[in-house]
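Everything below belongs to start32.tsv, which stores TSV, C-alpha atoms.
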```
chain	number	residue	atom	x	y	z
A	1	MET	CA	19.13	0.38	63.44
A	2	ARG	CA	19.43	2.29	60.20
A	3	THR	CA	16.34	3.78	58.59
A	4	LYS	CA	15.93	5.22	55.13
A	5	GLN	CA	12.97	6.67	53.30
A	6	LEU	CA	12.02	4.65	50.22
A	7	THR	CA	9.22	6.79	48.78
A	8	SER	CA	8.43	10.48	48.76
A	9	PRO	CA	5.15	11.90	50.01
A	10	ALA	CA	2.48	12.27	47.33
A	11	SER	CA	1.46	15.73	48.53
A	12	TYR	CA	2.07	18.38	51.17
A	13	PRO	CA	0.26	18.44	54.54
A	14	VAL	CA	-1.48	21.67	53.52
A	15	ALA	CA	-3.13	22.47	50.20
A	16	LEU	CA	-1.97	25.43	48.12
A	17	GLN	CA	-5.47	26.95	48.19
A	18	GLN	CA	-5.61	26.67	52.00
A	19	VAL	CA	-2.34	28.54	52.33
A	20	LYS	CA	-3.26	31.18	49.75
A	21	SER	CA	-6.50	31.82	51.64
A	22	PHE	CA	-4.55	32.02	54.91
A	23	LEU	CA	-2.10	34.48	53.33
A	24	LYS	CA	-4.95	36.38	51.62
A	25	VAL	CA	-3.25	35.95	48.23
A	26	ASP	CA	-5.62	35.79	45.24
A	27	ASP	CA	-3.32	35.78	42.21
A	28	VAL	CA	-1.53	32.81	40.66
A	29	ASN	CA	1.76	34.68	40.24
A	30	SER	CA	2.91	33.66	43.72
A	31	ASP	CA	1.92	29.97	43.48
A	32	ALA	CA	5.42	28.64	42.76
A	33	GLU	CA	6.93	30.66	45.60
A	34	ILE	CA	4.20	29.60	48.03
A	35	LEU	CA	4.62	25.93	47.08
A	36	SER	CA	8.35	26.23	47.70
A	37	LEU	CA	7.68	27.81	51.10
A	38	ILE	CA	5.19	25.04	51.93
A	39	GLY	CA	7.94	22.51	51.18
A	40	THR	CA	10.46	24.35	53.35
A	41	ALA	CA	7.97	24.79	56.20
A	42	THR	CA	6.96	21.13	55.98
A	43	ASP	CA	10.60	19.98	56.12
A	44	HIS	CA	11.27	22.13	59.19
A	45	ALA	CA	8.07	21.04	60.93
A	46	GLU	CA	8.67	17.32	60.26
A	47	LYS	CA	12.23	17.56	61.59
A	48	MET	CA	11.12	19.46	64.68
A	49	CYS	CA	8.23	17.05	65.34
A	50	ASN	CA	10.39	14.01	64.56
A	51	ARG	CA	7.74	12.46	62.31
A	52	PRO	CA	6.44	12.39	58.74
A	53	PHE	CA	3.05	14.01	58.16
A	54	ILE	CA	2.17	12.55	54.75
A	55	SER	CA	2.53	8.77	54.37
A	56	ARG	CA	5.61	7.28	52.80
A	57	THR	CA	7.48	4.00	52.94
A	58	PHE	CA	10.51	3.48	55.17
A	59	GLU	CA	13.00	0.65	55.51
A	60	SER	CA	14.80	-0.09	58.76
A	61	THR	CA	17.67	-2.56	58.83
A	62	MET	CA	19.47	-4.23	61.69
A	63	ASP	CA	22.13	-6.89	62.10
A	64	LYS	CA	19.97	-9.25	64.19
A	65	PHE	CA	16.51	-9.60	65.66
A	66	PRO	CA	16.34	-7.65	68.93
A	67	ASP	CA	13.82	-8.58	71.63
A	68	CYS	CA	11.72	-5.63	70.48
A	69	ILE	CA	12.03	-3.77	67.18
A	70	GLU	CA	11.20	-0.08	67.70
A	71	LEU	CA	10.47	1.75	64.46
A	72	ASN	CA	12.01	5.20	64.06
A	73	GLN	CA	9.16	6.92	62.24
A	74	ASN	CA	5.70	7.60	63.69
A	75	PRO	CA	2.78	7.47	63.21
A	76	VAL	CA	3.09	4.00	61.70
A	77	GLN	CA	0.14	2.96	59.58
A	78	SER	CA	1.31	-0.53	58.73
A	79	VAL	CA	4.22	-2.94	58.77
A	80	ASP	CA	4.50	-4.06	55.16
A	81	SER	CA	7.12	-6.78	55.59
A	82	VAL	CA	9.76	-8.25	57.86
A	83	GLU	CA	12.54	-9.92	55.89
A	84	TYR	CA	15.68	-11.67	57.04
A	85	VAL	CA	18.66	-13.51	55.63
A	86	ASP	CA	18.44	-17.16	56.72
A	87	THR	CA	21.44	-19.27	57.70
A	88	ASP	CA	21.82	-20.41	54.06
A	89	GLY	CA	22.09	-16.80	52.84
A	90	ALA	CA	18.62	-16.63	51.24
A	91	THR	CA	16.29	-13.70	51.91
A	92	GLN	CA	13.03	-14.82	53.50
A	93	THR	CA	9.83	-12.94	54.32
A	94	LEU	CA	8.52	-13.60	57.79
A	95	ALA	CA	4.79	-14.44	57.89
A	96	ALA	CA	2.73	-11.80	59.69
A	97	THR	CA	1.48	-14.52	62.07
A	98	GLU	CA	5.04	-14.82	63.43
A	99	TYR	CA	5.10	-11.34	64.97
A	100	LYS	CA	2.85	-8.82	66.69
A	101	VAL	CA	2.77	-5.12	65.84
A	102	ASP	CA	1.95	-2.29	68.24
A	103	LEU	CA	1.49	0.82	66.09
A	104	GLY	CA	2.37	3.07	69.01
A	105	ASN	CA	1.00	6.55	69.55
A	106	LYS	CA	2.15	10.16	69.76
A	107	PHE	CA	4.41	9.43	72.72
A	108	ARG	CA	5.52	5.86	72.04
A	109	LYS	CA	7.26	4.42	69.02
A	110	ALA	CA	5.69	1.60	67.08
A	111	ARG	CA	7.20	-1.77	67.90
A	112	ILE	CA	7.33	-5.33	66.67
A	113	VAL	CA	7.74	-8.36	68.92
A	114	GLU	CA	7.51	-12.11	68.45
A	115	ALA	CA	3.96	-13.43	68.46
A	116	TYR	CA	2.92	-15.41	71.51
A	117	GLY	CA	4.58	-18.82	71.48
A	118	LYS	CA	6.81	-17.89	68.53
A	119	SER	CA	10.48	-17.03	68.31
A	120	TRP	CA	12.56	-15.16	65.79
A	121	PRO	CA	14.07	-17.43	63.11
A	122	SER	CA	17.76	-18.23	62.95
A	123	ILE	CA	19.58	-15.77	60.75
A	124	ARG	CA	22.93	-15.41	59.09
A	125	ARG	CA	25.03	-13.16	61.32
A	126	GLU	CA	25.91	-10.36	58.92
A	127	ILE	CA	25.32	-6.66	58.48
A	128	ASN	CA	21.70	-5.70	57.71
A	129	SER	CA	20.40	-9.25	57.93
A	130	VAL	CA	16.96	-8.08	59.13
A	131	THR	CA	14.85	-5.56	57.16
A	132	VAL	CA	11.51	-4.07	58.19
A	133	THR	CA	9.54	-2.16	55.56
A	134	TYR	CA	6.70	-0.01	56.85
A	135	THR	CA	4.43	2.91	56.04
A	136	ALA	CA	4.47	5.94	58.32
A	137	GLY	CA	2.59	9.24	58.23
A	138	TYR	CA	-0.98	10.33	58.93
A	139	GLY	CA	-2.33	9.52	55.47
A	140	ALA	CA	-1.97	10.04	51.74
A	141	ASP	CA	-2.92	13.73	51.67
A	142	TRP	CA	-3.57	16.83	53.74
A	143	ASN	CA	-7.03	15.64	54.81
A	144	ALA	CA	-5.44	13.12	57.19
A	145	VAL	CA	-3.07	15.58	58.90
A	146	PRO	CA	-4.19	16.96	62.29
A	147	ASP	CA	-5.50	20.52	62.12
A	148	THR	CA	-2.95	21.73	64.67
A	149	ILE	CA	-0.06	20.70	62.44
A	150	LYS	CA	-1.67	22.21	59.33
A	151	THR	CA	-2.22	25.50	61.16
A	152	VAL	CA	1.36	25.64	62.42
A	153	ILE	CA	2.70	24.97	58.91
A	154	MET	CA	0.52	27.79	57.54
A	155	TYR	CA	1.85	30.16	60.23
A	156	LEU	CA	5.38	29.15	59.30
A	157	VAL	CA	4.69	29.72	55.57
A	158	ASN	CA	3.19	33.10	56.50
A	159	HIS	CA	6.36	34.00	58.41
A	160	TYR	CA	8.56	33.00	55.46
A	161	PHE	CA	6.29	34.82	52.97
A	162	ILE	CA	6.35	38.08	54.92
A	163	ASN	CA	10.04	37.83	55.86
A	164	ARG	CA	11.63	36.77	52.56
A	165	GLY	CA	15.02	35.17	53.08
A	166	SER	CA	14.22	33.93	56.61
A	167	GLU	CA	13.49	30.35	55.54
A	168	GLY	CA	16.02	28.93	58.02
A	169	GLU	CA	14.37	30.59	61.02
A	170	VAL	CA	11.49	29.32	63.10
A	171	PRO	CA	9.88	32.00	65.29
A	172	PRO	CA	9.69	31.08	69.01
A	173	MET	CA	5.87	30.87	69.07
A	174	ILE	CA	5.83	28.44	66.14
A	175	ALA	CA	8.71	26.44	67.64
A	176	MET	CA	6.72	26.12	70.88
A	177	LEU	CA	3.63	24.87	69.00
A	178	LEU	CA	5.75	22.34	67.10
A	179	GLU	CA	7.40	21.18	70.32
A	180	ASN	CA	3.92	20.24	71.61
A	181	GLU	CA	3.57	17.90	68.60
A	182	ARG	CA	7.06	16.42	68.88
A	183	VAL	CA	7.54	12.66	69.17
A	184	PRO	CA	10.23	12.16	71.80
A	185	ALA	CA	13.40	10.50	70.56
A	186	LEU	CA	13.62	7.38	72.68
```

Full structure transcribed into structure tokens:
Amino acid sequence: MRTKQLTSPASYPVALQQVKSFLKVDDVNSDAEILSLIGTATDHAEKMCNRPFISRTFESTMDKFPDCIELNQNPVQSVDSVEYVDTDGATQTLAATEYKVDLGNKFRKARIVEAYGKSWPSIRREINSVTVTYTAGYGADWNAVPDTIKTVIMYLVNHYFINRGSEGEVPPMIAMLLENERVPAL
């Protein structure tokens, strides 16, 4: 299965004012630098946790319908569509009544299976003949992100702010906290 991100997050998982308060920075002269550090810290944290924090749209493609489609990004908020290329070569959208979605949890990927008494449609056997579009992340803005993750990102921004030029490093304590939030790669 191949997955690509279709949309970018609308915001960061922490607000600029939250981070400035955490850093005890009052002036606006550092805003651009702090926003850049928030972006860097967010990227590192999302990679280490193996999940997006702010909602965005993803597309996963596969060559055929498996018994169970496991989505690569969690937490999944919704499955927006399941499309396939039928035997005539036309793209079709599968009705939501034809499949069942389990949104998963912190430790289990979201998955899609055939609805009871249903079966996957016949498809044209070609590359990327099945496409699942879905929304993953905690929500549209920082209010939806768990406090633990927000706090860890602020600690990481603090580390980068104090230790300019260390943006590639993640201190062991922060790495340990992020590991506790990690979605296992299954």

How close does each residue of segment 125-169 of chain A get to segment 3-7 of chain A, giving the shortest atom pair and distance in Å to one decimal for every residue with an atom at most 10 Å away, counting only C-alpha atoms, sorted by chain and residue number, as CSV?
```
residue,atom,partner,partner_atom,distance
A:Thr131,CA,A:Thr3,CA,9.6
A:Val132,CA,A:Thr3,CA,9.2
A:Thr133,CA,A:Leu6,CA,9.0
A:Tyr134,CA,A:Leu6,CA,9.7
A:Thr135,CA,A:Thr7,CA,9.5
A:Ala136,CA,A:Gln5,CA,9.9
```

Give me the residues near Lys20 of chain A as a list in words, where near means some atom within 10 Å (using all atoms listed in the file) and where sequence neighbours in that chain fewer than 2 positions away do not count.
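Selected residues are Ala15, Leu16, Gln17, Gln18, Phe22, Leu23, Lys24, Val25, Asp26, Asp27, Val28, Ser30, Asp31, Ile34, Leu35, Met154, Val157 and Asn158 of chain A.
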
Would you export the selected residues with C-alpha atoms as a compact mmCIF listing (two decimals), in the frame of the given file, please?
```txt
# COMPACT_ATOMS: atom_id res chain seq x y z
CA ALA A 15 -3.13 22.47 50.20
CA LEU A 16 -1.97 25.43 48.12
CA GLN A 17 -5.47 26.95 48.19
CA GLN A 18 -5.61 26.67 52.00
CA PHE A 22 -4.55 32.02 54.91
CA LEU A 23 -2.10 34.48 53.33
CA LYS A 24 -4.95 36.38 51.62
CA VAL A 25 -3.25 35.95 48.23
CA ASP A 26 -5.62 35.79 45.24
CA ASP A 27 -3.32 35.78 42.21
CA VAL A 28 -1.53 32.81 40.66
CA SER A 30 2.91 33.66 43.72
CA ASP A 31 1.92 29.97 43.48
CA ILE A 34 4.20 29.60 48.03
CA LEU A 35 4.62 25.93 47.08
CA MET A 154 0.52 27.79 57.54
CA VAL A 157 4.69 29.72 55.57
CA ASN A 158 3.19 33.10 56.50
```

Listing only residues of segment 91-158 of chain A within 9 Å of segment 52-62 of chain A, what is the closest atom pair and its distance in Å (to one decimal) for each, using only C-alpha atoms, sorted by chain and residue number ascending, as a Markdown table?
```
| residue | atom | partner | partner_atom | distance |
| --- | --- | --- | --- | --- |
| A:Ile127 | CA | A:Met62 | CA | 7.1 |
| A:Asn128 | CA | A:Met62 | CA | 4.8 |
| A:Ser129 | CA | A:Met62 | CA | 6.3 |
| A:Val130 | CA | A:Met62 | CA | 5.3 |
| A:Thr131 | CA | A:Thr61 | CA | 4.4 |
| A:Val132 | CA | A:Ser60 | CA | 5.2 |
| A:Thr133 | CA | A:Glu59 | CA | 4.5 |
| A:Tyr134 | CA | A:Phe58 | CA | 5.4 |
| A:Thr135 | CA | A:Thr57 | CA | 4.5 |
| A:Ala136 | CA | A:Ser55 | CA | 5.2 |
| A:Gly137 | CA | A:Ser55 | CA | 3.9 |
| A:Tyr138 | CA | A:Phe53 | CA | 5.5 |
| A:Gly139 | CA | A:Ser55 | CA | 5.0 |
| A:Ala140 | CA | A:Ser55 | CA | 5.4 |
| A:Asp141 | CA | A:Ile54 | CA | 6.1 |
| A:Trp142 | CA | A:Ile54 | CA | 7.2 |
| A:Ala144 | CA | A:Ile54 | CA | 8.0 |
| A:Val145 | CA | A:Phe53 | CA | 6.4 |
| A:Pro146 | CA | A:Phe53 | CA | 8.8 |
| A:Ile149 | CA | A:Phe53 | CA | 8.5 |
```

Neighbours of point (14.6, -15.8, 61.3) within 7 Å, using all atoms listed in the file, written as number ranges by chain:
A: 84, 86, 120-123

Rounded to one decimal in Å, what is the spacing between atom CA of Asp67 of chain A and atom CA of Arg182 of chain A?
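About the pair atom CA of Asp67 of chain A and atom CA of Arg182 of chain A: they are 26.0 Å apart.
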